[in-house]
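Report on the structure given below.
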Amino acid sequence: MAYAYLFKYIIIGDTGVGKSCLLLQFTDKRFQPVHDLTIGVEFGARMITIDGKQIKLQIWDTAGQEAFRSITRSYYRGAAGALLVYDITRRDTFNHLTTWLEDARQHSNSNMVIMLIGNKSDLESRREVKKEEGEAFAREHGLVFMETSAKTAANVEEAFINTAKEIYEKIQEGVFDINNEANGIKIGPQHSAAGGASGAGGAGAGGAAGGGCC
Amino acid sequence: MPSSDSEDFESADEGSPETDKKVRKKRTSSSHYSDSNSQETNTGDKVTAKDNSQKVNVEPNVEAKTDGWDDFDIDCPVENEKLTKVKETKKLTKEADKPQSTGWDDFDDWGNDDATATTAVTTEKTQTDKSAADIKELTDRLASATSKNSGWGWGWGVDSLLSTASAGITTLTSQVSQGISTVLETGIGAPDPEELARINAKTTENTEQKSSSEHKSIEPSVVQEKEQTSPNEGSFPFGSLFSGVTKFVETTGTKVIAGGLDTLETIGKKTMEVLQDGDPGLAKKRAMLGLDPGEKPVLSQILREAKAKADEEDKIREEKREAKEVHYENLFDDFEGLVHLEALEMLSKQVNMRIEERLRAAEPEKKQDIKETMQQVVELCEIPEDEEDDDEAPEHQSKPDALHDRLQTATQDLGLKLQFQPIVKQYTDVLAWLSSNSNLNEKAVYKRAVSSLAQATALAVEIYHKTAEMLLVKTRRSTADEADAMTQMTVVLTKHVGELATLFTANMNSIETDNKDQVNTYITNIFLESGNSSTYIQNAFQLTLPILQIGAV
């Protein structure tokens, strides 16, 4: 399926906050309680529709472990949107937000849309971080805020799609230069060349979007 | 310019009142510039007059023409006046180039002439007996008037400079207006300039034949009459000049406007003529634009056409979709090959930057060491030339298992826990598909072949990417082992995609088909894509190099 735009997202945040689960819920609509530790970065993709346009979200799900921090930093570049995730049941993950935010702002382009996500909202009984705190942090740093649950899928779609909507609006406003791929936005292939042998080459070639998931 | 010119004019001047002359003489001494102006313009007048009369240099002719012009003024149509404008601009050009040699006395004549030319557009001068409606005369008069204008407006002191400038402008203007007048002439049916010139020449010839005495007798009277028409001239010598100028400006303005409207009208008429040419009432054009309400298409016809169009589009879309299905690059992207390659590239670049930083920070003698080490890594990573030690899988082992073993063996020195299951599983799937599906057509095999190659390559690139990431977080590095392992792994993976291609082409060859050409094309493409796969794998390997190098420096 062809797309009008491709947005590159990154998901960042402490290890174990549920980044990979959020991605899996969004791309596969399923929840996997036990998940391998992410090494470096994993990828996911899904098509969404905004304003009647097909948009492919290419999501880079980074490793939260401290050891991978230097690697994941090199992936920030060229992202149009970021989901900064913390765990509402673990105060320390909320406390680390400032560091994550600084990292993200330093290594990405300034126009990147950042969505703050308080995950595991289904675990209300174990809540350590109030919703108001998340809202306040988001307001203070100019982020969009949302509490989600990768388990129940609450607000998961909204988190990804609202970020895309903001990016789309920024494109309409001319904030993003869509021809500059460093902004994390690619224009979809108009009409891909017909089959047959294609030249060998680097990673520059655009391609058709995959199906609903990877 | 003959020297007799001034004399002739002098004689003409004889008839004018003495007071008038005195005033003028006085002026010569007091204000030189105005004289030079008048001289200049006067010269222009004469020159142009001569020019128009086709190089007739007998001065009386000029006077004769003066009469002729007056005459003409009565029945001169607007169209002709436009023509004269063209000419007058030409005159100006010439005037500018002329040296100021003639006597100032000439001024008398043109001054008066002008007064008549502009103020007395009446029947006053009907006494003159020039027969032909000498259009040229009109142009001459206008020319003199204009030249006077320019003399007044521009000539103060810096005549020569300004006249040169205006010469340029007028040349331009004359060319432009010439074009316009040509259009007008053809549209309205006025005689063309050449013809006018010819008529003009004829008339001047005629006048030439007449006795000069006749002219002389006429001239004074003409001059006298002119004097009468401008009574204030005595008290203020410039009076006639001023009124002449203003009048001229007025008339010219009207002419310009009238000319502009005429032009527009002519253009409009012409347009309609062209449009209606061979199409009276614009019937055809209306039909072409679909403005005619009479010919409404039948609904069923429209529906039939729409259906045919939709069918055609569907067919094209289906073809495109199929083309995309077997498009290697798209498939490679779908299998996340591209994004892994992109991520690997980002890592590679960053590590390269770090190496460069270290190089910059290092001591000079250390720098050389680092460079040497890096070169050694590059050498270690050179793919061996076709070492045909095809360690065929043991009989009891399946091909996918053999692949897994080879990969494990190759990478055991890396000290990493790499995941080879995906690529092994894919291999298993391909083999299963090929063996379970007999009676496959060539198209299906081809599609599967391209897709399998793209997928295997994407999985291979992912291995490089993951290996790079894991190497970077590894605490203890052993660069030589790593380089060797990576090289071996590259050999195994490259061979694997080659093997896939061979499997598919062998299957393709076994297909019974009438379309052997198509099969051959497919086989060629499969081998091409397998070459493509190898290139991607080699690229991924090269991108991993800095990650190996940084472990050593």
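For the structure tokens, the naming scheme is as follows: chains receive sequential letters (A, B, ...) according to their order of presentation, residues are indexed from 1 within each chain, and ligands are indexed from 1 in presentation order.
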Q: Using only C-alpha atoms, find which residues of chain B lie within 7 Å of chain A and jot them down as an NGL selection string.
A: :B and (320 or 323-324 or 326-330 or 333-334 or 338 or 341-343 or 346-347 or 350 or 469 or 473 or 525 or 528-529 or 532 or 535)
Q. Residues of stretch 48-213 of chain A in helix (DSSP H, G or I) according to DSSP, as a VMD selection string?
A. chain A and resid 66 to 76 91 to 95 97 to 107 124 to 126 131 to 141 156 to 173 181 to 183
Q: List the neighbours of A:Ala79 out to 7 Å using only C-alpha atoms; skip same-chain residues closer than 6 positions along the sequence, and give me the result as number ranges by chain.
A: A: 8-10, 108, 112, 183-184
Residues at most 8 Å from stretch 18-24 of chain A, counting only C-alpha atoms, excluding those fewer than 6 positions away in the same chain, as an mmCIF file with C-alpha atoms, in the first residue's frame?
```cif
data_model
loop_
_atom_site.group_PDB
_atom_site.id
_atom_site.type_symbol
_atom_site.label_atom_id
_atom_site.label_comp_id
_atom_site.auth_asym_id
_atom_site.auth_seq_id
_atom_site.Cartn_x
_atom_site.Cartn_y
_atom_site.Cartn_z
ATOM 1 C CA ILE A 11 10.089 5.546 21.705
ATOM 2 C CA ILE A 12 12.329 6.395 24.629
ATOM 3 C CA ARG A 30 -1.899 -7.580 21.253
ATOM 4 C CA PHE A 31 -0.232 -7.593 24.630
ATOM 5 C CA GLN A 32 2.695 -9.753 25.601
ATOM 6 C CA PRO A 33 3.291 -9.686 29.373
ATOM 7 C CA HIS A 35 9.016 -9.456 26.717
ATOM 8 C CA THR A 38 15.276 -4.854 23.626
ATOM 9 C CA GLY A 44 7.547 -1.486 13.981
ATOM 10 C CA ILE A 59 8.543 3.366 14.877
ATOM 11 C CA ASP A 61 11.615 1.210 19.691
ATOM 12 C CA THR A 62 14.823 1.822 21.587
ATOM 13 C CA VAL A 85 7.404 6.917 28.287
ATOM 14 C CA ASP A 87 5.764 3.975 34.338
ATOM 15 C CA ASN A 119 2.065 3.944 30.882
ATOM 16 C CA LYS A 120 0.463 1.142 32.886
ATOM 17 C CA SER A 149 -2.194 1.131 29.101
ATOM 18 C CA ALA A 150 -0.417 -1.192 26.716
ATOM 19 C CA LYS A 151 -2.268 -4.028 28.420
ATOM 20 C CA VAL A 156 -2.525 3.630 22.792
#
```
(Q) So, with only C-alpha atoms as the atoms that count, which of A:Glu133, A:Asp36, A:Ala80, A:Asp14 lies closest to A:Leu101? (A) A:Asp14
Q.
Rounded to one decimal, what separation in Å do you get between atom CA of A:Gln106 and atom CA of A:Tyr168?
A.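 Value for the atom CA of A:Gln106-atom CA of A:Tyr168 distance: 22.7 Å.
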Q: Determine the nearest neighbour of A:Glu66 from the options A:Gly118, A:Gly134, A:Gly16, A:Gly188, counting only C-alpha atoms.
A: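 Smallest distance to A:Glu66 is found for A:Gly16.
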Q | Å distance separating atom CA of A:Ser125 from atom CA of A:Ile88, one decimal place | A | 10.4 Å
